[in-house]
$ cat structure_22.cif   # mmCIF, C-alpha atoms
data_model
loop_
_atom_site.group_PDB
_atom_site.id
_atom_site.type_symbol
_atom_site.label_atom_id
_atom_site.label_comp_id
_atom_site.auth_asym_id
_atom_site.auth_seq_id
_atom_site.Cartn_x
_atom_site.Cartn_y
_atom_site.Cartn_z
ATOM 1 C CA MET A 1 -91.808 -48.834 -34.038
ATOM 2 C CA PRO A 2 -88.320 -47.702 -35.097
ATOM 3 C CA ALA A 3 -86.041 -46.840 -32.201
ATOM 4 C CA THR A 4 -82.617 -45.301 -31.705
ATOM 5 C CA ILE A 5 -80.148 -47.989 -30.624
ATOM 6 C CA LEU A 6 -76.560 -47.526 -29.400
ATOM 7 C CA VAL A 7 -74.272 -50.428 -30.370
ATOM 8 C CA VAL A 8 -71.017 -50.650 -28.384
ATOM 9 C CA ASP A 9 -68.416 -53.159 -29.584
ATOM 10 C CA ASP A 10 -64.678 -52.827 -30.218
ATOM 11 C CA SER A 11 -65.021 -54.904 -33.385
ATOM 12 C CA ARG A 12 -65.974 -52.849 -36.420
ATOM 13 C CA VAL A 13 -67.046 -56.053 -38.205
ATOM 14 C CA VAL A 14 -69.420 -57.041 -35.385
ATOM 15 C CA ARG A 15 -70.850 -53.511 -35.198
ATOM 16 C CA ALA A 16 -71.568 -53.646 -38.924
ATOM 17 C CA MET A 17 -73.338 -57.007 -38.556
ATOM 18 C CA VAL A 18 -75.488 -55.746 -35.687
ATOM 19 C CA ARG A 19 -76.210 -52.517 -37.561
ATOM 20 C CA ASP A 20 -77.309 -54.424 -40.685
ATOM 21 C CA ALA A 21 -79.608 -56.636 -38.602
ATOM 22 C CA LEU A 22 -81.221 -53.615 -36.910
ATOM 23 C CA LEU A 23 -81.549 -51.506 -40.057
ATOM 24 C CA ALA A 24 -83.781 -54.247 -41.473
ATOM 25 C CA ASP A 25 -86.327 -53.181 -38.817
ATOM 26 C CA ASP A 26 -85.782 -49.485 -39.674
ATOM 27 C CA HIS A 27 -84.067 -48.678 -36.395
ATOM 28 C CA ARG A 28 -81.594 -45.803 -36.201
ATOM 29 C CA VAL A 29 -78.197 -47.116 -35.114
ATOM 30 C CA VAL A 30 -75.485 -45.150 -33.296
ATOM 31 C CA GLU A 31 -72.114 -46.917 -32.975
ATOM 32 C CA ALA A 32 -69.307 -46.660 -30.419
ATOM 33 C CA PRO A 33 -66.069 -48.716 -30.298
ATOM 34 C CA ASP A 34 -65.685 -48.432 -26.509
ATOM 35 C CA ALA A 35 -67.380 -47.296 -23.314
ATOM 36 C CA ARG A 36 -65.863 -43.809 -23.391
ATOM 37 C CA GLU A 37 -67.277 -43.062 -26.835
ATOM 38 C CA ALA A 38 -70.573 -44.651 -25.837
ATOM 39 C CA LEU A 39 -70.899 -42.204 -22.934
ATOM 40 C CA ALA A 40 -69.965 -39.312 -25.251
ATOM 41 C CA ALA A 41 -72.665 -40.403 -27.718
ATOM 42 C CA LEU A 42 -75.226 -40.536 -24.906
ATOM 43 C CA GLU A 43 -74.307 -36.989 -23.878
ATOM 44 C CA ASP A 44 -75.257 -35.879 -27.399
ATOM 45 C CA ALA A 45 -78.639 -37.606 -27.487
ATOM 46 C CA PRO A 46 -80.560 -40.235 -25.493
ATOM 47 C CA VAL A 47 -81.252 -43.640 -27.013
ATOM 48 C CA ASP A 48 -84.051 -46.199 -26.629
ATOM 49 C CA LEU A 49 -81.776 -49.229 -26.221
ATOM 50 C CA VAL A 50 -78.095 -50.013 -25.651
ATOM 51 C CA ILE A 51 -76.474 -53.187 -26.992
ATOM 52 C CA THR A 52 -72.962 -53.678 -25.628
ATOM 53 C CA ASP A 53 -70.087 -56.138 -25.736
ATOM 54 C CA ILE A 54 -68.281 -57.156 -22.519
ATOM 55 C CA ASN A 55 -64.585 -57.514 -23.363
ATOM 56 C CA MET A 56 -63.398 -54.125 -24.557
ATOM 57 C CA PRO A 57 -60.193 -52.135 -23.947
ATOM 58 C CA ASP A 58 -59.956 -49.789 -20.915
ATOM 59 C CA VAL A 59 -63.544 -50.001 -19.635
ATOM 60 C CA GLY A 60 -65.471 -53.264 -19.960
ATOM 61 C CA GLY A 61 -69.124 -53.675 -20.818
ATOM 62 C CA LEU A 62 -70.241 -54.539 -17.275
ATOM 63 C CA ALA A 63 -68.673 -51.330 -15.931
ATOM 64 C CA LEU A 64 -70.506 -49.445 -18.679
ATOM 65 C CA VAL A 65 -73.815 -51.007 -17.592
ATOM 66 C CA ARG A 66 -73.197 -49.986 -13.953
ATOM 67 C CA THR A 67 -72.302 -46.442 -15.027
ATOM 68 C CA LEU A 68 -75.471 -46.146 -17.106
ATOM 69 C CA ARG A 69 -77.674 -47.484 -14.312
ATOM 70 C CA ALA A 70 -76.308 -44.784 -11.998
ATOM 71 C CA ARG A 71 -77.353 -42.027 -14.400
ATOM 72 C CA PRO A 72 -80.936 -40.760 -14.162
ATOM 73 C CA ARG A 73 -81.435 -40.643 -17.927
ATOM 74 C CA GLU A 74 -80.355 -44.248 -18.591
ATOM 75 C CA ARG A 75 -81.581 -45.800 -15.336
ATOM 76 C CA PHE A 76 -84.477 -47.547 -17.095
ATOM 77 C CA THR A 77 -83.080 -47.758 -20.648
ATOM 78 C CA PRO A 78 -83.005 -51.408 -21.766
ATOM 79 C CA ILE A 79 -79.441 -52.738 -22.050
ATOM 80 C CA LEU A 80 -78.624 -55.966 -23.870
ATOM 81 C CA ILE A 81 -75.233 -57.633 -23.516
ATOM 82 C CA LEU A 82 -73.958 -59.203 -26.768
ATOM 83 C CA THR A 83 -70.855 -61.249 -26.068
ATOM 84 C CA THR A 84 -68.943 -64.481 -26.622
ATOM 85 C CA GLU A 85 -69.122 -65.091 -22.848
ATOM 86 C CA ASP A 86 -71.599 -67.799 -21.872
ATOM 87 C CA GLY A 87 -70.837 -68.677 -18.235
ATOM 88 C CA ASP A 88 -73.453 -68.624 -15.480
ATOM 89 C CA ALA A 89 -71.281 -66.491 -13.170
ATOM 90 C CA ILE A 90 -70.701 -63.703 -15.657
ATOM 91 C CA LYS A 91 -74.361 -63.742 -16.718
ATOM 92 C CA ARG A 92 -75.280 -63.330 -13.057
ATOM 93 C CA ALA A 93 -72.826 -60.424 -12.835
ATOM 94 C CA GLY A 94 -74.511 -58.890 -15.879
ATOM 95 C CA ARG A 95 -77.908 -59.194 -14.300
ATOM 96 C CA GLU A 96 -76.642 -57.695 -11.034
ATOM 97 C CA ALA A 97 -75.047 -54.819 -12.953
ATOM 98 C CA GLY A 98 -78.491 -54.037 -14.353
ATOM 99 C CA ALA A 99 -78.503 -55.568 -17.835
ATOM 100 C CA THR A 100 -81.881 -56.387 -19.334
ATOM 101 C CA GLY A 101 -80.755 -59.441 -21.259
ATOM 102 C CA TRP A 102 -77.817 -61.506 -22.479
ATOM 103 C CA LEU A 103 -77.188 -62.636 -26.060
ATOM 104 C CA VAL A 104 -74.348 -64.994 -26.893
ATOM 105 C CA LYS A 105 -72.422 -64.597 -30.163
ATOM 106 C CA PRO A 106 -72.637 -65.683 -32.893
ATOM 107 C CA PHE A 107 -76.073 -64.123 -33.023
ATOM 108 C CA ASP A 108 -78.974 -64.999 -35.270
ATOM 109 C CA PRO A 109 -80.093 -61.701 -36.892
ATOM 110 C CA ASP A 110 -83.765 -62.758 -36.712
ATOM 111 C CA GLN A 111 -83.439 -63.608 -33.029
ATOM 112 C CA LEU A 112 -81.675 -60.310 -32.332
ATOM 113 C CA ARG A 113 -84.514 -58.371 -33.992
ATOM 114 C CA GLN A 114 -87.122 -60.373 -32.056
ATOM 115 C CA THR A 115 -85.314 -59.703 -28.769
ATOM 116 C CA VAL A 116 -85.036 -56.004 -29.551
ATOM 117 C CA ARG A 117 -88.763 -55.844 -30.354
ATOM 118 C CA ARG A 118 -89.534 -57.602 -27.105
ATOM 119 C CA VAL A 119 -87.468 -55.343 -24.837
ATOM 120 C CA LEU A 120 -88.640 -52.198 -26.630
ATOM 121 C CA GLY A 121 -92.243 -53.421 -26.359
ATOM 122 C CA ALA A 122 -91.873 -54.092 -22.641
ATOM 123 C CA ARG A 123 -90.585 -50.545 -22.182
ATOM 124 C CA ALA A 124 -93.511 -48.906 -24.050
ATOM 125 C CA MET B 125 -34.981 -72.169 -17.145
ATOM 126 C CA SER B 126 -38.716 -72.719 -17.241
ATOM 127 C CA LEU B 127 -40.183 -75.369 -19.466
ATOM 128 C CA GLU B 128 -42.376 -74.047 -22.246
ATOM 129 C CA LEU B 129 -45.942 -75.308 -22.289
ATOM 130 C CA THR B 130 -47.196 -76.974 -25.463
ATOM 131 C CA ILE B 131 -50.835 -76.929 -26.523
ATOM 132 C CA SER B 132 -52.413 -78.445 -29.627
ATOM 133 C CA ILE B 133 -55.625 -77.061 -31.064
ATOM 134 C CA SER B 134 -57.868 -78.384 -33.810
ATOM 135 C CA ILE B 135 -60.731 -76.982 -35.846
ATOM 136 C CA GLY B 136 -62.938 -74.670 -33.791
ATOM 137 C CA GLY B 137 -60.194 -74.304 -31.189
ATOM 138 C CA VAL B 138 -58.722 -71.153 -29.698
ATOM 139 C CA HIS B 139 -55.987 -70.717 -27.130
ATOM 140 C CA ALA B 140 -54.204 -67.701 -25.695
ATOM 141 C CA ALA B 141 -51.528 -67.757 -23.031
ATOM 142 C CA ALA B 142 -50.057 -65.339 -20.520
ATOM 143 C CA ARG B 143 -47.039 -67.633 -20.025
ATOM 144 C CA PRO B 144 -44.817 -68.445 -23.013
ATOM 145 C CA THR B 145 -46.521 -71.352 -24.744
ATOM 146 C CA LEU B 146 -46.032 -73.257 -27.971
ATOM 147 C CA ILE B 147 -49.368 -73.635 -29.742
ATOM 148 C CA LYS B 148 -49.515 -76.204 -32.526
ATOM 149 C CA THR B 149 -52.101 -77.024 -35.147
ATOM 150 C CA LEU B 150 -52.455 -78.874 -38.444
ATOM 151 C CA LEU B 151 -54.273 -76.997 -41.215
ATOM 152 C CA GLY B 152 -55.867 -77.982 -44.495
ATOM 153 C CA SER B 153 -58.283 -75.481 -46.004
ATOM 154 C CA CYS B 154 -58.902 -73.961 -42.553
ATOM 155 C CA ILE B 155 -57.283 -70.749 -41.365
ATOM 156 C CA ALA B 156 -55.184 -70.199 -38.252
ATOM 157 C CA VAL B 157 -54.563 -66.661 -37.070
ATOM 158 C CA CYS B 158 -51.741 -66.006 -34.610
ATOM 159 C CA LEU B 159 -52.261 -62.791 -32.643
ATOM 160 C CA TYR B 160 -49.444 -61.199 -30.705
ATOM 161 C CA ASP B 161 -49.103 -58.179 -28.453
ATOM 162 C CA PRO B 162 -45.404 -57.224 -28.664
ATOM 163 C CA THR B 163 -45.554 -54.924 -25.628
ATOM 164 C CA GLN B 164 -46.984 -57.535 -23.255
ATOM 165 C CA GLY B 165 -45.360 -60.542 -24.940
ATOM 166 C CA VAL B 166 -48.617 -62.478 -25.001
ATOM 167 C CA GLY B 167 -50.390 -64.154 -27.871
ATOM 168 C CA GLY B 168 -52.941 -66.664 -29.031
ATOM 169 C CA MET B 169 -54.039 -68.718 -31.988
ATOM 170 C CA ASN B 170 -57.328 -69.949 -33.417
ATOM 171 C CA HIS B 171 -58.192 -72.543 -36.070
ATOM 172 C CA PHE B 172 -61.415 -72.108 -37.987
ATOM 173 C CA MET B 173 -63.293 -72.756 -41.185
ATOM 174 C CA LEU B 174 -66.253 -70.807 -42.482
ATOM 175 C CA PRO B 175 -69.431 -72.851 -42.799
ATOM 176 C CA ARG B 176 -71.156 -72.638 -46.148
ATOM 177 C CA GLY B 177 -74.335 -71.417 -44.459
ATOM 178 C CA ASP B 178 -77.684 -70.806 -46.101
ATOM 179 C CA PRO B 179 -77.684 -69.244 -49.550
ATOM 180 C CA GLY B 180 -78.456 -65.532 -49.379
ATOM 181 C CA ARG B 181 -77.408 -65.214 -45.741
ATOM 182 C CA ASN B 182 -74.172 -63.927 -44.342
ATOM 183 C CA ASP B 183 -73.597 -66.925 -42.087
ATOM 184 C CA GLY B 184 -70.016 -67.514 -43.218
ATOM 185 C CA ALA B 185 -68.743 -64.079 -42.229
ATOM 186 C CA GLN B 186 -70.797 -64.212 -39.032
ATOM 187 C CA PHE B 187 -69.077 -67.394 -37.849
ATOM 188 C CA GLY B 188 -65.648 -66.280 -39.070
ATOM 189 C CA ALA B 189 -66.066 -63.048 -37.129
ATOM 190 C CA HIS B 190 -67.059 -65.130 -34.129
ATOM 191 C CA ALA B 191 -63.881 -67.221 -34.350
ATOM 192 C CA MET B 192 -61.861 -63.997 -34.439
ATOM 193 C CA ASP B 193 -63.899 -62.473 -31.611
ATOM 194 C CA LEU B 194 -63.056 -65.495 -29.454
ATOM 195 C CA LEU B 195 -59.345 -65.161 -30.239
ATOM 196 C CA ILE B 196 -59.263 -61.404 -29.631
ATOM 197 C CA GLY B 197 -61.212 -61.808 -26.376
ATOM 198 C CA ALA B 198 -58.954 -64.649 -25.168
ATOM 199 C CA THR B 199 -55.789 -62.691 -25.977
ATOM 200 C CA MET B 200 -57.130 -59.605 -24.195
ATOM 201 C CA LYS B 201 -57.941 -61.724 -21.143
ATOM 202 C CA VAL B 202 -54.300 -62.783 -20.817
ATOM 203 C CA GLY B 203 -53.163 -59.170 -20.840
ATOM 204 C CA GLY B 204 -53.086 -58.186 -24.512
ATOM 205 C CA ASP B 205 -54.495 -54.947 -25.878
ATOM 206 C CA ARG B 206 -56.191 -55.226 -29.262
ATOM 207 C CA ARG B 207 -54.840 -51.811 -30.268
ATOM 208 C CA ARG B 208 -51.338 -53.341 -30.321
ATOM 209 C CA PHE B 209 -52.173 -56.691 -31.888
ATOM 210 C CA VAL B 210 -50.293 -57.908 -34.931
ATOM 211 C CA ALA B 211 -51.307 -61.012 -36.863
ATOM 212 C CA LYS B 212 -49.803 -63.900 -38.777
ATOM 213 C CA VAL B 213 -52.159 -65.837 -41.031
ATOM 214 C CA PHE B 214 -51.819 -69.399 -42.292
ATOM 215 C CA GLY B 215 -53.822 -72.054 -44.112
ATOM 216 C CA GLY B 216 -56.413 -72.001 -46.851
ATOM 217 C CA ALA B 217 -54.819 -74.851 -48.814
ATOM 218 C CA SER B 218 -56.947 -76.377 -51.565
ATOM 219 C CA VAL B 219 -56.815 -79.871 -50.134
ATOM 220 C CA LEU B 220 -60.266 -80.679 -51.532
ATOM 221 C CA ASP B 221 -60.406 -82.005 -55.087
ATOM 222 C CA LEU B 222 -60.902 -79.338 -57.714
ATOM 223 C CA HIS B 223 -63.801 -81.345 -59.145
ATOM 224 C CA ASP B 224 -65.488 -81.687 -55.784
ATOM 225 C CA SER B 225 -68.956 -80.174 -55.527
ATOM 226 C CA VAL B 226 -68.041 -78.533 -52.222
ATOM 227 C CA VAL B 227 -67.619 -74.772 -52.692
ATOM 228 C CA ASP B 228 -64.102 -73.409 -52.657
ATOM 229 C CA VAL B 229 -63.881 -73.152 -48.872
ATOM 230 C CA ALA B 230 -60.154 -72.468 -48.961
ATOM 231 C CA ARG B 231 -60.623 -69.359 -51.113
ATOM 232 C CA MET B 232 -63.611 -68.277 -49.022
ATOM 233 C CA ASN B 233 -61.535 -68.589 -45.838
ATOM 234 C CA ILE B 234 -58.600 -66.636 -47.292
ATOM 235 C CA ASP B 235 -60.837 -63.848 -48.607
ATOM 236 C CA PHE B 236 -62.690 -63.593 -45.314
ATOM 237 C CA ILE B 237 -59.649 -63.284 -43.081
ATOM 238 C CA GLY B 238 -57.957 -60.724 -45.332
ATOM 239 C CA ALA B 239 -61.049 -58.516 -45.351
ATOM 240 C CA TYR B 240 -61.643 -59.006 -41.616
ATOM 241 C CA LEU B 241 -58.128 -58.001 -40.518
ATOM 242 C CA ARG B 242 -58.139 -54.986 -42.863
ATOM 243 C CA GLU B 243 -61.489 -53.848 -41.492
ATOM 244 C CA GLU B 244 -60.364 -54.291 -37.881
ATOM 245 C CA GLY B 245 -57.081 -52.480 -38.520
ATOM 246 C CA ILE B 246 -54.932 -55.400 -37.312
ATOM 247 C CA PRO B 247 -51.617 -55.429 -39.239
ATOM 248 C CA VAL B 248 -50.621 -58.705 -40.884
ATOM 249 C CA LEU B 249 -46.886 -59.252 -40.344
ATOM 250 C CA ASN B 250 -46.693 -62.490 -42.249
ATOM 251 C CA SER B 251 -48.998 -64.797 -44.126
ATOM 252 C CA ASP B 252 -48.651 -68.133 -45.874
ATOM 253 C CA VAL B 253 -51.956 -69.113 -47.457
ATOM 254 C CA GLY B 254 -53.276 -71.093 -50.425
ATOM 255 C CA GLY B 255 -51.463 -73.822 -52.291
ATOM 256 C CA ARG B 256 -52.328 -77.513 -52.255
ATOM 257 C CA TYR B 257 -50.655 -78.962 -49.186
ATOM 258 C CA PRO B 258 -51.536 -79.005 -45.496
ATOM 259 C CA ARG B 259 -49.444 -77.006 -43.058
ATOM 260 C CA GLN B 260 -48.296 -77.652 -39.541
ATOM 261 C CA ILE B 261 -48.087 -74.402 -37.572
ATOM 262 C CA ARG B 262 -46.102 -73.818 -34.398
ATOM 263 C CA PHE B 263 -46.598 -70.473 -32.717
ATOM 264 C CA HIS B 264 -44.609 -69.187 -29.741
ATOM 265 C CA THR B 265 -46.893 -66.897 -27.762
ATOM 266 C CA GLY B 266 -44.021 -65.346 -25.826
ATOM 267 C CA THR B 267 -42.070 -64.171 -28.879
ATOM 268 C CA GLY B 268 -44.694 -64.006 -31.611
ATOM 269 C CA ARG B 269 -42.582 -66.255 -33.849
ATOM 270 C CA ALA B 270 -44.353 -68.792 -36.026
ATOM 271 C CA PHE B 271 -42.985 -71.756 -37.940
ATOM 272 C CA VAL B 272 -44.677 -73.435 -40.893
ATOM 273 C CA LYS B 273 -44.024 -76.902 -42.265
ATOM 274 C CA ARG B 274 -45.749 -78.481 -45.278
ATOM 275 C CA VAL B 275 -47.191 -81.891 -44.363
ATOM 276 C CA ILE B 276 -47.885 -83.658 -47.634
ATOM 277 C CA ARG B 277 -48.784 -86.993 -46.019
ATOM 278 C CA ALA B 278 -51.678 -85.485 -44.046
ATOM 279 C CA ARG B 279 -53.515 -84.430 -47.205
ATOM 280 C CA ASP B 280 -56.014 -87.324 -47.446
ATOM 281 C CA ARG B 281 -56.890 -87.223 -43.769
ATOM 282 C CA LEU B 282 -57.452 -83.459 -43.825
ATOM 283 C CA MET B 283 -59.488 -83.669 -47.031
ATOM 284 C CA ALA B 284 -62.089 -85.843 -45.288
ATOM 285 C CA ALA B 285 -62.078 -83.678 -42.155
ATOM 286 C CA ASP B 286 -62.424 -80.461 -44.151
ATOM 287 C CA ARG B 287 -65.266 -81.847 -46.232
ATOM 288 C CA ALA B 288 -67.168 -82.755 -43.074
ATOM 289 C CA SER B 289 -66.486 -79.395 -41.417
ATOM 290 C CA ALA B 290 -67.451 -77.385 -44.483
ATOM 291 C CA ALA B 291 -70.833 -79.062 -44.530
ATOM 292 C CA ARG B 292 -71.597 -78.780 -40.834
ATOM 293 C CA PRO B 293 -73.728 -75.808 -39.777
ATOM 294 C CA LEU B 294 -72.701 -74.135 -36.527
ATOM 295 C CA PRO B 295 -75.225 -73.189 -33.838
ATOM 296 C CA TYR B 296 -76.102 -69.612 -32.956
ATOM 297 C CA GLY B 297 -75.689 -68.414 -29.375
ATOM 298 C CA SER B 298 -78.446 -68.343 -26.771
ATOM 299 C CA VAL B 299 -80.670 -65.461 -25.651
ATOM 300 C CA THR B 300 -81.554 -64.818 -21.988
ATOM 301 C CA LEU B 301 -83.870 -62.057 -20.820
ATOM 302 C CA PHE B 302 -83.447 -61.267 -17.122
ATOM 303 C CA GLU B 303 -86.728 -59.511 -16.573
ATOM 304 C CA GLY B 304 -89.429 -61.686 -15.047
ATOM 305 C CA GLU B 305 -87.046 -64.506 -14.074
#
$ encode --input "structure_22.cif" --output "structure tokens"
Amino acid sequence: MPATILVVDDSRVVRAMVRDALLADDHRVVEAPDAREALAALEDAPVDLVITDINMPDVGGLALVRTLRARPRERFTPILILTTEDGDAIKRAGREAGATGWLVKPFDPDQLRQTVRRVLGARA
Amino acid sequence: MSLELTISISIGGVHAAARPTLIKTLLGSCIAVCLYDPTQGVGGMNHFMLPRGDPGRNDGAQFGAHAMDLLIGATMKVGGDRRRFVAKVFGGASVLDLHDSVVDVARMNIDFIGAYLREEGIPVLNSDVGGRYPRQIRFHTGTGRAFVKRVIRARDRLMAADRASAARPLPYGSVTLFEGE
């Protein structure tokens, strides 16, 4: 079932690649280049899933995850981290922050869609 | 006076440094991007080649974007801010024979990096791309200065390396779901 997905990444090129992958499954995609704009977008309308990068200017992705988990509306919203980071320690930090899953770039568009279906299905 | 560190990178490599460092690489049809944050005086360099990928898929741009993502992330980790980054771009020499069946990877690499940096809004201060001969690049991360030298003798060696790299598919990243672990 199509969902509304917020994609947070400071790279416009990466956001476009993620958007193209998700549009193939008819999802509605909202984009934000940083955590501040992501929070502003979530004030406008709730989303079904957040996909966020880690290394971004000012506020990083893990801080964004913690902020979202402290808000009643996003407490149970699935959050996927999409990053170049692949270390066990930072993955553990992501899990402790409240992320639902961790995808390492470069991503396979088919695998991204499958993962999105899985986390959205688990939520339903 | 502190001694400057020297690091050499090769294809697939990326290095960024908080301390002034000389990063060196030897390029054939690959691209090296030197990123520099003039306010912090930090910088980094990568060295990549787009894979040919599967026909009909956007694998090339995906892996090029990944190489740039790694460089941007590494340079931010040493104190840079991507909003201040400026770039210098080198490589993309046609070291492969014109009659070779391998696609024009040099042209593909040049086109990709131009479009990528435009899209990301990263200004290109200087670029030296194309031509027939390999280049040796030396980039000073503390000053943002880069030096290019043509290395005609390395052409045969780089031709074989580039042919192998152009044909090699790169792996996608892993997926981990935390729930139920």
$ interface_residues --input "structure_22.cif" --of "chain A" --to "chain B" --cutoff "6 Å" --atoms "only C-alpha atoms" --output "PyMOL selection string"
chain A and resi 12+100-108
$ closest_residue --input "structure_22.cif" --among "A:Pro72, A:Pro33, A:Gly121, A:Gly61" --to "Ala99 (chain A)" --atoms "all atoms listed in the file"
A:Gly61
$ resolve_selection --input "structure_22.cif" --expression "the PyMOL selection byres ((chain B and resi 209) around 12)" --output "ChimeraX atom specification"
/B:157-168,195-197,199-200,203-208,210-212,241,244-249,268
$ closest_residue --input "structure_22.cif" --among "B:Gly216, B:Thr130, B:His264, B:Val202" --to "Asn55 (chain A)" --atoms "all atoms listed in the file"
B:Val202
$ closest_residue --input "structure_22.cif" --among "A:Val50, A:Val59, A:Ala45, A:Ile5" --to "Ile81 (chain A)" --atoms "all atoms listed in the file"
A:Val50
$ atom_distance --input "structure_22.cif" --atom1 "CA of Met232 (chain B)" --atom2 "CA of Asp86 (chain A)"
28.3 Å
$ atom_distance --input "structure_22.cif" --atom1 "CA of Met283 (chain B)" --atom2 "CA of Thr145 (chain B)"
28.6 Å
$ resolve_selection --input "structure_22.cif" --expression "the PyMOL selection byres ((chain B and resi 215) around 7)" --output "ChimeraX atom specification"
/B:151-156,214,216-217,252-254,259
$ atom_distance --input "structure_22.cif" --atom1 "CA of Arg71 (chain A)" --atom2 "CA of Ile54 (chain A)"
19.4 Å
$ closest_residue --input "structure_22.cif" --among "A:Val8, A:Ala3, A:Val119, A:Ala40" --to "Thr52 (chain A)" --atoms "all atoms listed in the file"
A:Val8
$ residues_near_point --input "structure_22.cif" --point "(-67.7, -50.1, -21.5)" --cutoff "9 Å" --atoms "all atoms listed in the file" --output "PyMOL selection string"
chain A and resi 8-9+34-39+52-65+67
